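Enquirer: Dropping in data.cif, with mmCIF, C-alpha atoms; chains and numbers go by the auth columns.
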data_run
#
loop_
_atom_site.group_PDB
_atom_site.id
_atom_site.type_symbol
_atom_site.label_atom_id
_atom_site.label_comp_id
_atom_site.label_asym_id
_atom_site.label_seq_id
_atom_site.Cartn_x
_atom_site.Cartn_y
_atom_site.Cartn_z
_atom_site.B_iso_or_equiv
_atom_site.auth_seq_id
_atom_site.auth_asym_id
ATOM 1 C CA MET A 1 178.403 97.872 142.322 0.00 8 A
ATOM 2 C CA ALA A 2 181.703 96.914 140.703 0.00 9 A
ATOM 3 C CA GLU A 3 181.159 93.337 141.857 0.00 10 A
ATOM 4 C CA ASN A 4 177.687 93.266 140.260 0.00 11 A
ATOM 5 C CA GLY A 5 179.105 94.659 137.033 0.00 12 A
ATOM 6 C CA GLU A 6 181.778 91.970 137.013 0.00 13 A
ATOM 7 C CA LYS A 7 179.138 89.254 137.574 0.00 14 A
ATOM 8 C CA ALA A 8 177.039 90.595 134.693 0.00 15 A
ATOM 9 C CA GLU A 9 180.116 90.683 132.469 0.00 16 A
ATOM 10 C CA ASN A 10 180.970 87.075 133.344 0.00 17 A
ATOM 11 C CA GLN A 11 177.373 86.020 132.643 0.00 18 A
ATOM 12 C CA ALA A 12 177.437 87.764 129.292 0.00 19 A
ATOM 13 C CA GLY A 13 180.703 86.004 128.479 0.00 20 A
ATOM 14 C CA ARG A 14 179.254 82.616 129.343 0.00 21 A
ATOM 15 C CA HIS A 15 176.155 83.306 127.321 0.00 22 A
ATOM 16 C CA GLN A 16 178.218 84.074 124.224 0.00 23 A
ATOM 17 C CA GLU A 17 179.428 80.484 124.259 0.00 24 A
ATOM 18 C CA VAL A 18 175.889 79.257 123.615 0.00 25 A
ATOM 19 C CA GLY A 19 175.079 82.093 121.233 0.00 26 A
ATOM 20 C CA HIS A 20 174.175 79.595 118.512 0.00 27 A
ATOM 21 C CA LYS A 21 171.386 78.297 120.722 0.00 28 A
ATOM 22 C CA SER A 22 169.663 81.503 121.670 0.00 29 A
ATOM 23 C CA LEU A 23 169.990 85.264 121.424 0.00 30 A
ATOM 24 C CA LEU A 24 168.092 85.794 124.664 0.00 31 A
ATOM 25 C CA GLN A 25 169.899 87.980 127.181 0.00 32 A
ATOM 26 C CA SER A 26 169.749 85.387 129.930 0.00 33 A
ATOM 27 C CA ASP A 27 170.712 81.717 129.915 0.00 34 A
ATOM 28 C CA ALA A 28 168.213 81.188 132.724 0.00 35 A
ATOM 29 C CA LEU A 29 165.376 82.567 130.597 0.00 36 A
ATOM 30 C CA TYR A 30 166.328 80.339 127.693 0.00 37 A
ATOM 31 C CA GLN A 31 166.502 77.339 130.034 0.00 38 A
ATOM 32 C CA TYR A 32 163.033 78.264 131.310 0.00 39 A
ATOM 33 C CA ILE A 33 161.649 78.131 127.748 0.00 40 A
ATOM 34 C CA LEU A 34 163.262 74.737 127.164 0.00 41 A
ATOM 35 C CA GLU A 35 162.094 73.197 130.430 0.00 42 A
ATOM 36 C CA THR A 36 158.602 74.716 130.417 0.00 43 A
ATOM 37 C CA SER A 37 157.635 74.609 126.760 0.00 44 A
ATOM 38 C CA VAL A 38 160.039 72.527 124.671 0.00 45 A
ATOM 39 C CA TYR A 39 161.230 69.459 126.602 0.00 46 A
ATOM 40 C CA PRO A 40 157.829 68.408 128.076 0.00 47 A
ATOM 41 C CA LYS A 41 156.374 68.131 124.547 0.00 48 A
ATOM 42 C CA GLU A 42 159.504 66.933 122.735 0.00 49 A
ATOM 43 C CA PRO A 43 158.973 63.576 121.003 0.00 50 A
ATOM 44 C CA GLU A 44 161.218 60.820 122.352 0.00 51 A
ATOM 45 C CA SER A 45 162.930 60.457 118.958 0.00 52 A
ATOM 46 C CA MET A 46 163.782 64.178 118.898 0.00 53 A
ATOM 47 C CA LYS A 47 165.265 63.929 122.381 0.00 54 A
ATOM 48 C CA GLU A 48 167.321 60.878 121.421 0.00 55 A
ATOM 49 C CA LEU A 49 168.712 62.545 118.291 0.00 56 A
ATOM 50 C CA ARG A 50 169.420 65.774 120.189 0.00 57 A
ATOM 51 C CA GLU A 51 171.454 63.824 122.753 0.00 58 A
ATOM 52 C CA ILE A 52 173.384 61.926 120.057 0.00 59 A
ATOM 53 C CA THR A 53 174.158 65.195 118.258 0.00 60 A
ATOM 54 C CA ALA A 54 175.331 66.881 121.472 0.00 61 A
ATOM 55 C CA LYS A 55 178.245 64.410 121.594 0.00 62 A
ATOM 56 C CA HIS A 56 179.411 65.275 118.070 0.00 63 A
ATOM 57 C CA PRO A 57 182.472 67.560 117.851 0.00 64 A
ATOM 58 C CA TRP A 58 180.573 69.912 115.508 0.00 65 A
ATOM 59 C CA ASN A 59 177.410 70.035 117.622 0.00 66 A
ATOM 60 C CA ILE A 60 177.380 73.825 117.194 0.00 67 A
ATOM 61 C CA MET A 61 175.907 73.145 113.739 0.00 68 A
ATOM 62 C CA THR A 62 172.692 71.596 115.039 0.00 69 A
ATOM 63 C CA THR A 63 169.279 73.235 115.086 0.00 70 A
ATOM 64 C CA SER A 64 168.300 74.231 118.615 0.00 71 A
ATOM 65 C CA ALA A 65 165.481 72.387 120.397 0.00 72 A
ATOM 66 C CA ASP A 66 163.199 75.441 120.480 0.00 73 A
ATOM 67 C CA GLU A 67 163.712 75.988 116.758 0.00 74 A
ATOM 68 C CA GLY A 68 162.953 72.325 116.080 0.00 75 A
ATOM 69 C CA GLN A 69 159.674 72.728 117.956 0.00 76 A
ATOM 70 C CA PHE A 70 158.920 75.925 116.010 0.00 77 A
ATOM 71 C CA LEU A 71 159.557 74.286 112.619 0.00 78 A
ATOM 72 C CA ASN A 72 157.398 71.303 113.549 0.00 79 A
ATOM 73 C CA MET A 73 154.450 73.523 114.424 0.00 80 A
ATOM 74 C CA LEU A 74 154.942 75.856 111.443 0.00 81 A
ATOM 75 C CA LEU A 75 154.798 72.941 109.001 0.00 82 A
ATOM 76 C CA LYS A 76 151.564 71.731 110.570 0.00 83 A
ATOM 77 C CA LEU A 77 150.057 75.229 110.447 0.00 84 A
ATOM 78 C CA ILE A 78 150.765 75.612 106.724 0.00 85 A
ATOM 79 C CA ASN A 79 149.753 71.995 105.972 0.00 86 A
ATOM 80 C CA ALA A 80 153.073 71.346 104.251 0.00 87 A
ATOM 81 C CA LYS A 81 153.380 68.144 102.284 0.00 88 A
ATOM 82 C CA ASN A 82 156.235 68.606 99.798 0.00 89 A
ATOM 83 C CA THR A 83 159.361 70.119 101.374 0.00 90 A
ATOM 84 C CA MET A 84 163.094 70.550 100.889 0.00 91 A
ATOM 85 C CA GLU A 85 166.004 70.876 103.305 0.00 92 A
ATOM 86 C CA ILE A 86 169.437 72.156 102.310 0.00 93 A
ATOM 87 C CA GLY A 87 171.967 71.325 105.019 0.00 94 A
ATOM 88 C CA VAL A 88 171.010 68.277 107.075 0.00 95 A
ATOM 89 C CA TYR A 89 173.899 67.564 109.489 0.00 96 A
ATOM 90 C CA THR A 90 172.640 64.750 111.806 0.00 97 A
ATOM 91 C CA GLY A 91 169.016 65.357 110.853 0.00 98 A
ATOM 92 C CA TYR A 92 167.463 67.037 113.919 0.00 99 A
ATOM 93 C CA SER A 93 165.501 69.643 111.937 0.00 100 A
ATOM 94 C CA LEU A 94 164.855 66.983 109.289 0.00 101 A
ATOM 95 C CA LEU A 95 163.246 64.763 111.915 0.00 102 A
ATOM 96 C CA ALA A 96 161.182 67.706 113.196 0.00 103 A
ATOM 97 C CA THR A 97 159.948 68.186 109.627 0.00 104 A
ATOM 98 C CA ALA A 98 159.329 64.494 108.932 0.00 105 A
ATOM 99 C CA LEU A 99 157.261 64.132 112.109 0.00 106 A
ATOM 100 C CA ALA A 100 155.112 67.108 111.070 0.00 107 A
ATOM 101 C CA LEU A 101 154.348 65.927 107.544 0.00 108 A
ATOM 102 C CA PRO A 102 151.484 63.567 106.679 0.00 109 A
ATOM 103 C CA HIS A 103 152.302 59.907 105.961 0.00 110 A
ATOM 104 C CA ASP A 104 152.646 60.603 102.221 0.00 111 A
ATOM 105 C CA GLY A 105 154.669 63.802 102.732 0.00 112 A
ATOM 106 C CA LYS A 106 158.075 64.161 101.076 0.00 113 A
ATOM 107 C CA ILE A 107 161.361 65.863 101.946 0.00 114 A
ATOM 108 C CA LEU A 108 164.172 66.323 99.459 0.00 115 A
ATOM 109 C CA ALA A 109 167.186 66.555 101.811 0.00 116 A
ATOM 110 C CA MET A 110 170.667 67.558 100.648 0.00 117 A
ATOM 111 C CA ASP A 111 174.016 67.656 102.422 0.00 118 A
ATOM 112 C CA ILE A 112 177.662 67.256 101.416 0.00 119 A
ATOM 113 C CA ASN A 113 178.293 64.874 104.336 0.00 120 A
ATOM 114 C CA LYS A 114 176.365 61.608 104.428 0.00 121 A
ATOM 115 C CA GLU A 115 178.278 60.331 107.484 0.00 122 A
ATOM 116 C CA ASN A 116 176.692 62.937 109.757 0.00 123 A
ATOM 117 C CA TYR A 117 173.231 62.114 108.391 0.00 124 A
ATOM 118 C CA GLU A 118 173.848 58.417 109.026 0.00 125 A
ATOM 119 C CA LEU A 119 174.437 59.176 112.721 0.00 126 A
ATOM 120 C CA GLY A 120 170.836 60.263 113.009 0.00 127 A
ATOM 121 C CA LEU A 121 169.318 57.881 110.467 0.00 128 A
ATOM 122 C CA PRO A 122 168.682 54.972 112.903 0.00 129 A
ATOM 123 C CA VAL A 123 166.626 57.330 115.097 0.00 130 A
ATOM 124 C CA ILE A 124 164.700 58.607 112.054 0.00 131 A
ATOM 125 C CA GLN A 125 164.029 55.011 110.966 0.00 132 A
ATOM 126 C CA LYS A 126 162.900 54.013 114.450 0.00 133 A
ATOM 127 C CA ALA A 127 160.490 56.982 114.442 0.00 134 A
ATOM 128 C CA GLY A 128 158.882 55.506 111.306 0.00 135 A
ATOM 129 C CA VAL A 129 159.420 58.536 109.063 0.00 136 A
ATOM 130 C CA ALA A 130 162.466 57.551 106.955 0.00 137 A
ATOM 131 C CA HIS A 131 160.203 56.759 103.967 0.00 138 A
ATOM 132 C CA LYS A 132 159.402 60.484 103.655 0.00 139 A
ATOM 133 C CA ILE A 133 163.054 61.420 103.080 0.00 140 A
ATOM 134 C CA ASP A 134 164.935 61.466 99.780 0.00 141 A
ATOM 135 C CA PHE A 135 168.527 62.143 100.868 0.00 142 A
ATOM 136 C CA ARG A 136 171.071 63.306 98.278 0.00 143 A
ATOM 137 C CA GLU A 137 174.748 63.566 99.144 0.00 144 A
ATOM 138 C CA GLY A 138 176.628 66.415 97.476 0.00 145 A
ATOM 139 C CA PRO A 139 176.299 70.138 96.745 0.00 146 A
ATOM 140 C CA ALA A 140 172.727 71.399 96.402 0.00 147 A
ATOM 141 C CA LEU A 141 173.225 74.003 93.654 0.00 148 A
ATOM 142 C CA PRO A 142 173.677 71.503 90.758 0.00 149 A
ATOM 143 C CA VAL A 143 170.549 69.627 91.925 0.00 150 A
ATOM 144 C CA LEU A 144 168.552 72.872 92.059 0.00 151 A
ATOM 145 C CA ASP A 145 169.792 73.900 88.612 0.00 152 A
ATOM 146 C CA GLN A 146 168.732 70.534 87.188 0.00 153 A
ATOM 147 C CA MET A 147 165.287 70.828 88.796 0.00 154 A
ATOM 148 C CA ILE A 148 164.803 74.287 87.302 0.00 155 A
ATOM 149 C CA ALA A 149 165.986 73.070 83.886 0.00 156 A
ATOM 150 C CA ASP A 150 163.511 70.154 84.047 0.00 157 A
ATOM 151 C CA GLY A 151 160.676 72.666 84.356 0.00 158 A
ATOM 152 C CA LYS A 152 158.305 70.377 86.236 0.00 159 A
ATOM 153 C CA TYR A 153 159.368 71.466 89.723 0.00 160 A
ATOM 154 C CA HIS A 154 158.481 75.150 89.447 0.00 161 A
ATOM 155 C CA GLY A 155 156.241 76.201 92.318 0.00 162 A
ATOM 156 C CA THR A 156 155.908 72.672 93.709 0.00 163 A
ATOM 157 C CA PHE A 157 157.411 73.027 97.213 0.00 164 A
ATOM 158 C CA ASP A 158 155.301 74.070 100.202 0.00 165 A
ATOM 159 C CA PHE A 159 158.283 74.689 102.482 0.00 166 A
ATOM 160 C CA ILE A 160 162.065 74.889 102.089 0.00 167 A
ATOM 161 C CA PHE A 161 164.537 75.121 104.988 0.00 168 A
ATOM 162 C CA VAL A 162 168.102 76.320 104.396 0.00 169 A
ATOM 163 C CA ASP A 163 170.795 75.761 107.024 0.00 170 A
ATOM 164 C CA ALA A 164 173.960 75.280 104.994 0.00 171 A
ATOM 165 C CA ASP A 165 176.934 77.252 103.618 0.00 172 A
ATOM 166 C CA LYS A 166 176.138 80.910 104.329 0.00 173 A
ATOM 167 C CA ASP A 167 178.276 82.116 101.406 0.00 174 A
ATOM 168 C CA ASN A 168 175.783 80.440 99.048 0.00 175 A
ATOM 169 C CA TYR A 169 172.533 81.643 100.646 0.00 176 A
ATOM 170 C CA ILE A 170 172.039 84.286 97.944 0.00 177 A
ATOM 171 C CA ASN A 171 172.682 81.667 95.248 0.00 178 A
ATOM 172 C CA TYR A 172 170.158 79.337 96.871 0.00 179 A
ATOM 173 C CA HIS A 173 167.566 82.091 97.060 0.00 180 A
ATOM 174 C CA LYS A 174 167.872 82.885 93.349 0.00 181 A
ATOM 175 C CA ARG A 175 166.848 79.311 92.595 0.00 182 A
ATOM 176 C CA LEU A 176 164.489 78.478 95.455 0.00 183 A
ATOM 177 C CA ILE A 177 162.184 81.381 94.707 0.00 184 A
ATOM 178 C CA ASP A 178 161.226 79.527 91.510 0.00 185 A
ATOM 179 C CA LEU A 179 160.764 76.181 93.247 0.00 186 A
ATOM 180 C CA VAL A 180 158.597 77.267 96.205 0.00 187 A
ATOM 181 C CA LYS A 181 154.910 77.743 95.427 0.00 188 A
ATOM 182 C CA VAL A 182 153.128 81.100 95.685 0.00 189 A
ATOM 183 C CA GLY A 183 151.995 81.147 99.327 0.00 190 A
ATOM 184 C CA GLY A 184 154.800 78.731 100.250 0.00 191 A
ATOM 185 C CA VAL A 185 157.570 79.480 102.727 0.00 192 A
ATOM 186 C CA ILE A 186 161.384 79.455 102.624 0.00 193 A
ATOM 187 C CA GLY A 187 163.158 79.532 106.000 0.00 194 A
ATOM 188 C CA TYR A 188 166.764 80.753 106.179 0.00 195 A
ATOM 189 C CA ASP A 189 168.552 79.799 109.378 0.00 196 A
ATOM 190 C CA ASN A 190 171.278 81.748 111.243 0.00 197 A
ATOM 191 C CA THR A 191 170.252 85.162 109.903 0.00 198 A
ATOM 192 C CA LEU A 192 171.308 86.901 113.128 0.00 199 A
ATOM 193 C CA TRP A 193 174.599 84.973 113.073 0.00 200 A
ATOM 194 C CA ASN A 194 175.601 84.863 116.738 0.00 201 A
ATOM 195 C CA GLY A 195 174.493 88.483 117.071 0.00 202 A
ATOM 196 C CA SER A 196 177.479 89.486 114.921 0.00 203 A
ATOM 197 C CA VAL A 197 175.249 91.331 112.433 0.00 204 A
ATOM 198 C CA VAL A 198 175.323 94.318 114.814 0.00 205 A
ATOM 199 C CA ALA A 199 178.868 93.861 116.130 0.00 206 A
ATOM 200 C CA PRO A 200 181.308 96.764 115.561 0.00 207 A
ATOM 201 C CA PRO A 201 184.030 96.136 112.930 0.00 208 A
ATOM 202 C CA ASP A 202 186.723 95.632 115.578 0.00 209 A
ATOM 203 C CA ALA A 203 184.682 93.241 117.737 0.00 210 A
ATOM 204 C CA PRO A 204 186.526 90.046 118.770 0.00 211 A
ATOM 205 C CA LEU A 205 184.699 87.390 116.762 0.00 212 A
ATOM 206 C CA ARG A 206 185.473 83.746 116.170 0.00 213 A
ATOM 207 C CA LYS A 207 187.048 83.249 112.732 0.00 214 A
ATOM 208 C CA TYR A 208 184.134 81.425 111.145 0.00 215 A
ATOM 209 C CA VAL A 209 181.669 83.982 112.541 0.00 216 A
ATOM 210 C CA ARG A 210 183.666 86.876 111.073 0.00 217 A
ATOM 211 C CA TYR A 211 184.146 85.087 107.738 0.00 218 A
ATOM 212 C CA TYR A 212 180.428 84.452 107.107 0.00 219 A
ATOM 213 C CA ARG A 213 179.052 87.644 108.667 0.00 220 A
ATOM 214 C CA ASP A 214 179.182 89.694 105.457 0.00 221 A
ATOM 215 C CA PHE A 215 177.345 86.976 103.538 0.00 222 A
ATOM 216 C CA VAL A 216 174.572 86.953 106.168 0.00 223 A
ATOM 217 C CA LEU A 217 174.336 90.759 106.056 0.00 224 A
ATOM 218 C CA GLU A 218 174.119 90.620 102.251 0.00 225 A
ATOM 219 C CA LEU A 219 171.341 88.038 102.416 0.00 226 A
ATOM 220 C CA ASN A 220 169.322 90.035 104.962 0.00 227 A
ATOM 221 C CA LYS A 221 169.456 93.133 102.751 0.00 228 A
ATOM 222 C CA ALA A 222 168.512 91.151 99.647 0.00 229 A
ATOM 223 C CA LEU A 223 165.520 89.474 101.322 0.00 230 A
ATOM 224 C CA ALA A 224 164.222 92.799 102.633 0.00 231 A
ATOM 225 C CA ALA A 225 164.405 94.272 99.120 0.00 232 A
ATOM 226 C CA ASP A 226 162.890 91.294 97.244 0.00 233 A
ATOM 227 C CA PRO A 227 159.368 92.250 96.051 0.00 234 A
ATOM 228 C CA ARG A 228 158.429 88.594 95.441 0.00 235 A
ATOM 229 C CA ILE A 229 158.315 87.753 99.148 0.00 236 A
ATOM 230 C CA GLU A 230 156.974 88.868 102.514 0.00 237 A
ATOM 231 C CA ILE A 231 159.470 88.324 105.302 0.00 238 A
ATOM 232 C CA CYS A 232 159.527 87.863 109.056 0.00 239 A
ATOM 233 C CA GLN A 233 162.828 87.620 110.928 0.00 240 A
ATOM 234 C CA LEU A 234 162.541 85.874 114.272 0.00 241 A
ATOM 235 C CA PRO A 235 165.037 85.698 117.177 0.00 242 A
ATOM 236 C CA VAL A 236 164.532 81.937 117.510 0.00 243 A
ATOM 237 C CA GLY A 237 167.738 79.902 117.762 0.00 244 A
ATOM 238 C CA ASP A 238 170.387 81.922 115.937 0.00 245 A
ATOM 239 C CA GLY A 239 167.780 83.887 114.006 0.00 246 A
ATOM 240 C CA ILE A 240 165.493 82.507 111.313 0.00 247 A
ATOM 241 C CA THR A 241 163.996 84.515 108.455 0.00 248 A
ATOM 242 C CA LEU A 242 160.743 83.234 106.991 0.00 249 A
ATOM 243 C CA CYS A 243 160.006 84.260 103.407 0.00 250 A
ATOM 244 C CA ARG A 244 156.478 83.793 102.073 0.00 251 A
ATOM 245 C CA ARG A 245 156.377 83.893 98.284 0.00 252 A
ATOM 246 C CA ILE A 246 153.680 86.278 97.105 0.00 253 A
ATOM 247 C CA SER A 247 154.428 86.440 93.353 0.00 254 A
#
Please express the file's structure as structure tokens.

Expert:
Amino acid sequence: MAENGEKAENQAGRHQEVGHKSLLQSDALYQYILETSVYPKEPESMKELREITAKHPWNIMTTSADEGQFLNMLLKLINAKNTMEIGVYTGYSLLATALALPHDGKILAMDINKENYELGLPVIQKAGVAHKIDFREGPALPVLDQMIADGKYHGTFDFIFVDADKDNYINYHKRLIDLVKVGGVIGYDNTLWNGSVVAPPDAPLRKYVRYYRDFVLELNKALAADPRIEICQLPVGDGITLCRRIS
């Protein structure tokens, strides 16, 4: 019995290392989902970009393959055409979006690091979807403020995906709610934050996980209390909360 308990503990420890990929209790179950449902249908360009990103020292920042598949299907289901992405990294979720949009679809993509985006850009170009992307290097908040001030962007976005600095999620939401159309969707990534949202105060957490946890908790409370949206929080990847604007 003690030996079994030790094995389970070791498994749990190993699983924590890939916590950003999946909150499932078993690595084997997550692998089953990937091999049965995700990888067989994954476009070649998505696979190529996923493998390039895996070699990057900050690969923990990437969107997981199952979440990429989910976003791709969601965008098709809601017939999205005009979208925005805040936080691009190497562009894996951006590529998932670009592949889902029609030929004349558009993505306003913002990130403070163009070098990471340029790692994935050749793959995006080869996939024939680079023309859909308007990439802006720099902080997103000034761009959002300018769009709101212009007045012509209110309610024009079908879908917005946020996977950036967690300490600004609330600030993004205050602005994005005006830019997404009624019936449109905002997706906030990492809203279960490595499972740390339910960790006891004295839990041993990695520094960056502990630092951003309170911001994620604050966001989750704010979204649940916002009367302008309907929400659905899903345990896909590291947790994604979908917000459908209703007013």

Enquirer: Just want the 12 Å neighbourhood of A:Leu84, counted on only C-alpha atoms, with same-chain residues fewer than 6 positions away dropped. Output as number ranges by chain.

Expert: A: 77-78, 107-108, 165-166, 191-192

Enquirer: Report, in Å to a single decimal, how far apart atom CA of A:Ile85 and atom CA of A:Val187 are.

Expert: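 According to the coordinates, atom CA of A:Val187 and atom CA of A:Ile85 are separated by 13.2 Å.
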
Enquirer: Hey, what's within 12 Å of A:Leu106 if we count only C-alpha atoms and toss same-chain stuff fewer than 6 positions away? As a PyMOL selection string, please?

Expert: chain A and resi 49-53+75-76+78-83+87-88+98-100+112-114+130-140

Enquirer: Could you check how far atom CA of A:Glu237 sits from atom CA of A:His180, in Å to one decimal?

Expert: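 Atom-to-atom, atom CA of A:Glu237 and atom CA of A:His180 are spaced 13.7 Å apart.
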
Enquirer: Around all the atoms of stretch 191-202 of chain A listed in the file, with 4 Å of room on each side, what axis-aligned box do you get, giving centre and edge lengths in Å to one decimal, as lines of an AutoDock Vina configuration file?

Expert:
center_x = 165.2
center_y = 83.6
center_z = 108.7
size_x = 28.8
size_y = 17.8
size_z = 24.8

Enquirer: Written as a ChimeraX atom specification, which residues does the PyMOL selection byres ((chain A and resi 161) around 9) give for the file shown?

Expert: /A:154-155,157-160,162-164,184-188

Enquirer: Quick one, how far is atom CA of A:Lys121 from atom CA of A:Asn197?

Expert: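 Atom-to-atom, atom CA of A:Lys121 and atom CA of A:Asn197 are spaced 21.9 Å apart.
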
Enquirer: Name the residues captured by the PyMOL selection byres ((chain A and resi 241) around 12) when it is applied to the shown file; answer as a list in words.

Expert: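 Given this file, the PyMOL selection byres ((chain A and resi 241) around 12) evaluates to Ser29, Leu30, Leu31, Glu74, Phe77, Gly194, Tyr195, Asp196, Asn197, Thr198, Leu199, Ile238, Cys239, Gln240, Pro242, Val243, Gly244, Asp245, Gly246, Ile247, Thr248, Leu249 and Cys250 of chain A.
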
Enquirer: Dump as CSV the rows for residues of stretch 39-88 of chain A within 10 Å of stretch 168-175 of chain A: closest atom pair and distance in Å with one decimal, only C-alpha atoms counted, ordered by chain and rising residue number.

Expert:
residue,atom,partner,partner_atom,distance
A:Met68,CA,A:Asp170,CA,8.8
A:Thr69,CA,A:Asp170,CA,9.2
A:Thr70,CA,A:Asp170,CA,8.6
A:Leu78,CA,A:Phe168,CA,9.2

Enquirer: Which residue out of A:Arg182, A:Ile40, A:Ile59, A:Asp209 has the minimum interatomic distance to A:Leu126 when only C-alpha atoms are used?

Expert: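 Nearest to A:Leu126: A:Ile59.
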
Enquirer: So what does the PyMOL selection byres ((chain A and resi 254) around 7) actually pick up in this one, as a PyMOL selection string?

Expert: chain A and resi 189+235+252-253

Enquirer: Which residue out of A:Lys181, A:Arg220, A:Arg143, A:Lys54 has the minimum interatomic distance to A:Ser71 when all atoms listed in the file are used?

Expert: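 Going through A:Lys181, A:Arg220, A:Arg143, A:Lys54 one by one, the smallest distance to A:Ser71 is for A:Lys54.
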
Enquirer: Assuming the input is short of atoms at stretch 98-118 of chain A, produce N, CA and C atoms for that part as an mmCIF file, keeping the file's coordinate frame.

Expert:
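Now in selection-v3.cif:
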data_model
loop_
_atom_site.group_PDB
_atom_site.id
_atom_site.type_symbol
_atom_site.label_atom_id
_atom_site.label_comp_id
_atom_site.auth_asym_id
_atom_site.auth_seq_id
_atom_site.Cartn_x
_atom_site.Cartn_y
_atom_site.Cartn_z
ATOM 1 N N GLY A 98 170.430 65.550 111.176
ATOM 2 C CA GLY A 98 169.016 65.357 110.853
ATOM 3 C C GLY A 98 168.008 65.780 111.904
ATOM 4 N N TYR A 99 168.409 66.639 112.864
ATOM 5 C CA TYR A 99 167.463 67.037 113.919
ATOM 6 C C TYR A 99 166.295 67.856 113.351
ATOM 7 N N SER A 100 166.594 68.864 112.546
ATOM 8 C CA SER A 100 165.501 69.643 111.937
ATOM 9 C C SER A 100 164.756 68.805 110.906
ATOM 10 N N LEU A 101 165.473 67.888 110.260
ATOM 11 C CA LEU A 101 164.855 66.983 109.289
ATOM 12 C C LEU A 101 163.827 66.087 109.974
ATOM 13 N N LEU A 102 164.175 65.593 111.146
ATOM 14 C CA LEU A 102 163.246 64.763 111.915
ATOM 15 C C LEU A 102 162.037 65.585 112.373
ATOM 16 N N ALA A 103 162.288 66.819 112.798
ATOM 17 C CA ALA A 103 161.182 67.706 113.196
ATOM 18 C C ALA A 103 160.207 67.896 112.038
ATOM 19 N N THR A 104 160.769 68.030 110.834
ATOM 20 C CA THR A 104 159.948 68.186 109.627
ATOM 21 C C THR A 104 159.201 66.897 109.310
ATOM 22 N N ALA A 105 159.930 65.786 109.303
ATOM 23 C CA ALA A 105 159.329 64.494 108.932
ATOM 24 C C ALA A 105 158.180 64.122 109.858
ATOM 25 N N LEU A 106 158.334 64.430 111.144
ATOM 26 C CA LEU A 106 157.261 64.132 112.109
ATOM 27 C C LEU A 106 156.024 64.992 111.871
ATOM 28 N N ALA A 107 156.236 66.184 111.294
ATOM 29 C CA ALA A 107 155.112 67.108 111.070
ATOM 30 C C ALA A 107 154.331 66.795 109.798
ATOM 31 N N LEU A 108 154.991 66.172 108.835
ATOM 32 C CA LEU A 108 154.348 65.927 107.544
ATOM 33 C C LEU A 108 153.390 64.737 107.617
ATOM 34 N N PRO A 109 152.373 64.742 106.736
ATOM 35 C CA PRO A 109 151.484 63.567 106.679
ATOM 36 C C PRO A 109 152.256 62.336 106.194
ATOM 37 N N HIS A 110 151.626 61.165 106.287
ATOM 38 C CA HIS A 110 152.302 59.907 105.961
ATOM 39 C C HIS A 110 152.873 59.912 104.544
ATOM 40 N N ASP A 111 152.177 60.571 103.610
ATOM 41 C CA ASP A 111 152.646 60.603 102.221
ATOM 42 C C ASP A 111 153.438 61.871 101.902
ATOM 43 N N GLY A 112 153.850 62.610 102.936
ATOM 44 C CA GLY A 112 154.669 63.802 102.732
ATOM 45 C C GLY A 112 156.068 63.438 102.265
ATOM 46 N N LYS A 113 156.742 64.405 101.627
ATOM 47 C CA LYS A 113 158.075 64.161 101.076
ATOM 48 C C LYS A 113 159.039 65.284 101.438
ATOM 49 N N ILE A 114 160.298 64.895 101.694
ATOM 50 C CA ILE A 114 161.361 65.863 101.946
ATOM 51 C C ILE A 114 162.549 65.522 101.055
ATOM 52 N N LEU A 115 162.922 66.454 100.197
ATOM 53 C CA LEU A 115 164.172 66.323 99.459
ATOM 54 C C LEU A 115 165.253 66.927 100.353
ATOM 55 N N ALA A 116 166.182 66.105 100.846
ATOM 56 C CA ALA A 116 167.186 66.555 101.811
ATOM 57 C C ALA A 116 168.581 66.444 101.204
ATOM 58 N N MET A 117 169.346 67.537 101.278
ATOM 59 C CA MET A 117 170.667 67.558 100.648
ATOM 60 C C MET A 117 171.755 68.003 101.621
ATOM 61 N N ASP A 118 172.869 67.288 101.588
ATOM 62 C CA ASP A 118 174.016 67.656 102.422
ATOM 63 C C ASP A 118 175.277 67.071 101.791
#
